[in-house]
Amino acid sequence: MGRRSRIARMDNVRPDRLRVLLDTVLAALDERLDGRQVAGRAHLSRFHFDRLLSAGLGEAPAAFRRRLLLERAAWRLSRGSSVTDAGFEAAYDSTEAFSRAFRRAFGRPPSGFVARAEDFRLPAPNGVHFHPPAGLLVTGDVSEIAMDLTDRLIDHDDWLTGRLLDSACGLTGEQLDREVRPGHTVLAFDGPEPTVRHMLDRLVWTKEVWSAAIAGRDLPAGGDRSLEGLRSRWDRASADFRALVHDIRRRNAWNDTFVDALCDPVQSFTLGGVIAHVLTFAAHRRQVLAEALSELGVVDVAPTCPLEWERARLAARPHTPAQLRGAEEAR
């Protein structure tokens with residue numbers, strides 16, 4: 001119980017498609033719908049819905065839904081719900097039927113489960129479980145190389161900064177140098193950042209400076225602040241910073257301390273502290289910059305939220321019902 005397991009997906013069951021199917025099941029959890037009706041919510045036939053979900057989860061849709069309802073019932077029992085109420089919410093017409101199903105799944109009757117205060121999660125072939133109070137928990141696929149927190153932070157920073165640079169290309173020189181945030185200062189030693197050009201430069205320059213400090217290179221001189229120059233500088237700086245972070249992670253050197261001779265006066269920092277510092281203030285700068293670009297009339301500014309970015313990685317565009325059916329109907 002509670003052990004980590006993987007989703008054995010077929011190649012044609014993409015993660016974004018699987019998410020659509022899971023969302024459909026979750027949304028219908030409290031509705032007494034038959035399999036055909038649930039499949040219709042996903043714009044699929046019952047045959048295609050069952051086949052796709054079974055391929056993606058390694059578990060029949062009816063068994064999957066029944067297990068989620070029993071897990072939720074077990075959680076509700078642990079929170080003080082009565083056996084009658086928990087059984088009714090789990091779509092059982094009688095307490096006796098619920099108790100029999102519960103005993104088969106958990107090895108003891110509902111009353112015995114409450115007394116032992118056990119984990120409400122049942123063994124699953126796919127790592128998908130009920131997540132209180134009304135969601136799902138989907139464990140990562142351990143057959144794939146997982147992105148850890150460092151990957152997510154670095155990749156999102158890299159992607160979003162690049163998109164903001166692209167968005168700024170539609171501005172005139174006057175707009176780039178207009179003081180949209182008079183007196184705006186993120187860090188005193190970096191100076192004011194009142195214009196979009198200043199903001200972009202500081203996003204790039206911060207990576208350049210800290211990469212130089214960690215690698216022991218000379219402090220970079222003021223670089224080209226044209227949009228083409230900023231893009232070229234960013235491509236180099238982001239690649240250098242990413243390589244440094246990956247090397248630190250590979251060596252588990254987060255607590256290693258280095259003396260930064262580029263500071264005046266000289267100071268010492270841990271490598272982990274530096275990375276946290278850079279990413280923290282980069283996130284703030286990106287948010288302020290995105291708002292400034294919107295105020296200057298830039299449309300479709302990239303979403304600054306990592307959750308939206310991660311969804312975009314899994315599903316670059318929405319799928320129509322025909323696309324959702326496509327892989328199976330083509331077989």
# chains A, B, ... in the order shown; residues from 1 in each chain; ligands from 1
$ residues_around --residues "region 157-168 of chain A" --least-positions-apart "2" --cutoff "9 Å" --atoms "only C-alpha atoms" --output "compact mmCIF listing (two decimals) with N, CA and C atoms, in the first residue's frame"
# COMPACT_ATOMS: atom_id res chain seq x y z
N ARG A 152 12.77 21.92 -13.36
CA ARG A 152 11.58 22.74 -13.61
C ARG A 152 11.89 24.23 -13.48
N LEU A 153 12.60 24.59 -12.44
CA LEU A 153 12.90 26.00 -12.22
C LEU A 153 13.79 26.56 -13.33
N ILE A 154 14.83 25.82 -13.70
CA ILE A 154 15.76 26.29 -14.73
C ILE A 154 15.08 26.33 -16.09
N ASP A 155 14.34 25.27 -16.43
CA ASP A 155 13.70 25.22 -17.74
C ASP A 155 12.63 26.31 -17.88
N GLY A 170 8.52 43.42 -30.69
CA GLY A 170 7.49 44.20 -31.36
C GLY A 170 7.41 45.64 -30.90
N LEU A 171 8.24 46.03 -29.93
CA LEU A 171 8.21 47.40 -29.39
C LEU A 171 9.14 48.31 -30.17
N THR A 172 8.80 49.58 -30.17
CA THR A 172 9.69 50.58 -30.78
C THR A 172 10.81 50.93 -29.80
N LEU A 176 10.78 50.80 -25.65
CA LEU A 176 11.78 50.06 -24.89
C LEU A 176 12.44 50.94 -23.83
N VAL A 196 11.78 48.81 -19.97
CA VAL A 196 11.81 47.42 -20.43
C VAL A 196 13.23 47.02 -20.81
N ARG A 197 13.98 47.92 -21.43
CA ARG A 197 15.35 47.59 -21.81
C ARG A 197 16.20 47.33 -20.57
N LEU A 200 15.18 43.81 -19.16
CA LEU A 200 15.75 42.72 -19.94
C LEU A 200 17.25 42.59 -19.70
N LEU A 203 17.95 40.90 -16.35
CA LEU A 203 17.70 39.46 -16.39
C LEU A 203 18.89 38.72 -17.00
N VAL A 204 19.45 39.29 -18.06
CA VAL A 204 20.59 38.66 -18.72
C VAL A 204 21.86 38.84 -17.90
N LEU A 227 18.08 44.65 -28.88
CA LEU A 227 17.33 43.40 -28.72
C LEU A 227 18.10 42.22 -29.29
N LEU A 230 20.84 41.51 -26.76
CA LEU A 230 20.31 40.88 -25.56
C LEU A 230 19.99 39.41 -25.80
N ARG A 231 19.41 39.11 -26.97
CA ARG A 231 19.10 37.72 -27.29
C ARG A 231 20.37 36.88 -27.37
N TRP A 234 21.73 36.41 -23.93
CA TRP A 234 20.91 35.49 -23.15
C TRP A 234 21.17 34.04 -23.53
N ASP A 235 21.30 33.77 -24.82
CA ASP A 235 21.55 32.40 -25.26
C ASP A 235 22.82 31.85 -24.63
N SER A 238 22.32 31.83 -20.45
CA SER A 238 21.42 30.79 -19.95
C SER A 238 22.06 29.42 -20.10
N ALA A 239 22.77 29.19 -21.20
CA ALA A 239 23.46 27.90 -21.38
C ALA A 239 24.55 27.71 -20.34
N ARG A 242 22.83 27.08 -16.88
CA ARG A 242 22.27 25.74 -16.84
C ARG A 242 23.36 24.70 -16.63
N LEU A 279 17.41 32.62 -8.99
CA LEU A 279 16.09 32.23 -9.48
C LEU A 279 14.97 33.00 -8.79
N ALA A 282 15.03 36.49 -10.36
CA ALA A 282 14.67 36.38 -11.77
C ALA A 282 13.15 36.24 -11.91
N ALA A 283 12.54 35.46 -11.03
CA ALA A 283 11.09 35.28 -11.08
C ALA A 283 10.37 36.62 -10.86
N ARG A 286 10.83 38.79 -13.99
CA ARG A 286 10.00 38.33 -15.11
C ARG A 286 8.55 38.78 -14.95
N LEU A 289 8.30 42.49 -15.64
CA LEU A 289 8.50 42.71 -17.07
C LEU A 289 7.27 42.31 -17.87
N ALA A 290 6.67 41.18 -17.54
CA ALA A 290 5.47 40.73 -18.26
C ALA A 290 4.35 41.76 -18.12
N LEU A 293 5.19 44.81 -20.32
CA LEU A 293 4.94 44.53 -21.74
C LEU A 293 3.46 44.61 -22.06
N VAL A 298 1.64 44.85 -25.76
CA VAL A 298 2.03 43.53 -26.27
C VAL A 298 0.92 42.54 -25.93
N VAL A 299 0.42 41.85 -26.92
CA VAL A 299 -0.63 40.86 -26.69
C VAL A 299 -0.01 39.46 -26.60
N ASP A 300 -0.73 38.58 -25.95
CA ASP A 300 -0.29 37.18 -25.80
C ASP A 300 1.08 37.08 -25.14
N VAL A 301 1.27 37.87 -24.07
CA VAL A 301 2.50 37.72 -23.29
C VAL A 301 2.51 36.33 -22.67
N ALA A 302 3.65 35.68 -22.70
CA ALA A 302 3.75 34.30 -22.22
C ALA A 302 3.30 34.20 -20.76
N PRO A 303 2.60 33.12 -20.40
CA PRO A 303 2.17 32.94 -19.01
C PRO A 303 3.37 32.81 -18.09
N THR A 304 3.34 33.54 -16.98
CA THR A 304 4.47 33.51 -16.05
C THR A 304 4.37 32.39 -15.03
N TRP A 309 2.98 26.75 -17.84
CA TRP A 309 4.10 26.33 -18.69
C TRP A 309 4.17 24.81 -18.77
$ closest_residue --among "A:Leu53, A:Ala292, A:Val209, A:Ala42" --to "His184 (chain A)" --atoms "only C-alpha atoms"
A:Ala292
$ select_by_dssp --residues "region 103-217 of chain A" --states "alpha helix (DSSP H)" --output "PyMOL selection string"
chain A and resi 103-106+110-116+149-168+173-176+196-215
$ write_last_selection --atoms "C-alpha atoms" --output "PDB file, in the first residue's frame"
ATOM      1  CA  ARG A 103     -13.835  -5.847   2.991  1.00  0.00           C
ATOM      2  CA  ARG A 104     -12.763  -7.340  -0.338  1.00  0.00           C
ATOM      3  CA  ALA A 105     -10.620  -4.270  -1.108  1.00  0.00           C
ATOM      4  CA  PHE A 106      -9.130  -3.496   2.321  1.00  0.00           C
ATOM      5  CA  PRO A 110     -15.290  -0.341   7.432  1.00  0.00           C
ATOM      6  CA  SER A 111     -15.480  -0.287  11.232  1.00  0.00           C
ATOM      7  CA  GLY A 112     -12.226  -2.225  11.503  1.00  0.00           C
ATOM      8  CA  PHE A 113     -10.529   0.177   9.101  1.00  0.00           C
ATOM      9  CA  VAL A 114     -11.421   3.197  11.219  1.00  0.00           C
ATOM     10  CA  ALA A 115     -10.122   1.534  14.375  1.00  0.00           C
ATOM     11  CA  ARG A 116      -6.736   0.865  12.769  1.00  0.00           C
ATOM     12  CA  LEU A 149      12.564  20.722  -8.997  1.00  0.00           C
ATOM     13  CA  THR A 150      15.859  22.097 -10.308  1.00  0.00           C
ATOM     14  CA  ASP A 151      14.963  21.094 -13.878  1.00  0.00           C
ATOM     15  CA  ARG A 152      11.577  22.742 -13.615  1.00  0.00           C
ATOM     16  CA  LEU A 153      12.901  26.004 -12.223  1.00  0.00           C
ATOM     17  CA  ILE A 154      15.757  26.291 -14.729  1.00  0.00           C
ATOM     18  CA  ASP A 155      13.696  25.224 -17.743  1.00  0.00           C
ATOM     19  CA  HIS A 156      10.835  27.571 -16.885  1.00  0.00           C
ATOM     20  CA  ASP A 157      13.239  30.471 -16.324  1.00  0.00           C
ATOM     21  CA  ASP A 158      14.978  29.768 -19.640  1.00  0.00           C
ATOM     22  CA  TRP A 159      11.759  29.379 -21.610  1.00  0.00           C
ATOM     23  CA  LEU A 160       9.944  32.375 -20.144  1.00  0.00           C
ATOM     24  CA  THR A 161      12.867  34.792 -20.411  1.00  0.00           C
ATOM     25  CA  GLY A 162      13.296  33.810 -24.057  1.00  0.00           C
ATOM     26  CA  ARG A 163       9.605  34.382 -24.701  1.00  0.00           C
ATOM     27  CA  LEU A 164       9.722  37.801 -23.022  1.00  0.00           C
ATOM     28  CA  LEU A 165      12.669  38.758 -25.225  1.00  0.00           C
ATOM     29  CA  ASP A 166      10.670  37.664 -28.267  1.00  0.00           C
ATOM     30  CA  SER A 167       7.657  39.685 -27.091  1.00  0.00           C
ATOM     31  CA  ALA A 168       9.788  42.818 -26.720  1.00  0.00           C
ATOM     32  CA  GLY A 173      12.912  52.071 -29.422  1.00  0.00           C
ATOM     33  CA  GLU A 174      10.855  54.724 -27.636  1.00  0.00           C
ATOM     34  CA  GLN A 175       8.732  52.082 -25.933  1.00  0.00           C
ATOM     35  CA  LEU A 176      11.782  50.061 -24.886  1.00  0.00           C
ATOM     36  CA  VAL A 196      11.810  47.418 -20.428  1.00  0.00           C
ATOM     37  CA  ARG A 197      15.351  47.590 -21.805  1.00  0.00           C
ATOM     38  CA  HIS A 198      16.756  47.902 -18.270  1.00  0.00           C
ATOM     39  CA  MET A 199      14.633  44.969 -17.091  1.00  0.00           C
ATOM     40  CA  LEU A 200      15.751  42.723 -19.943  1.00  0.00           C
ATOM     41  CA  ASP A 201      19.374  43.701 -19.452  1.00  0.00           C
ATOM     42  CA  ARG A 202      19.251  42.861 -15.735  1.00  0.00           C
ATOM     43  CA  LEU A 203      17.700  39.464 -16.392  1.00  0.00           C
ATOM     44  CA  VAL A 204      20.594  38.658 -18.721  1.00  0.00           C
ATOM     45  CA  TRP A 205      23.343  40.397 -16.758  1.00  0.00           C
ATOM     46  CA  THR A 206      22.474  38.605 -13.520  1.00  0.00           C
ATOM     47  CA  LYS A 207      23.085  35.233 -15.165  1.00  0.00           C
ATOM     48  CA  GLU A 208      26.313  36.506 -16.721  1.00  0.00           C
ATOM     49  CA  VAL A 209      27.676  37.845 -13.434  1.00  0.00           C
ATOM     50  CA  TRP A 210      26.862  34.846 -11.270  1.00  0.00           C
ATOM     51  CA  SER A 211      28.032  32.349 -13.885  1.00  0.00           C
ATOM     52  CA  ALA A 212      31.344  34.223 -14.012  1.00  0.00           C
ATOM     53  CA  ALA A 213      31.596  34.268 -10.208  1.00  0.00           C
ATOM     54  CA  ILE A 214      30.931  30.544  -9.832  1.00  0.00           C
ATOM     55  CA  ALA A 215      33.214  29.588 -12.716  1.00  0.00           C
TER      56      ALA A 215
END
$ closest_residue --among "A:Leu307, A:Leu70, A:Ala39, A:Leu29" --to "Phe120 (chain A)" --atoms "only C-alpha atoms"
A:Leu70
$ closest_residue --among "A:Leu296, A:Ala74, A:Ile275, A:Ala60" --to "Leu244 (chain A)" --atoms "only C-alpha atoms"
A:Ile275
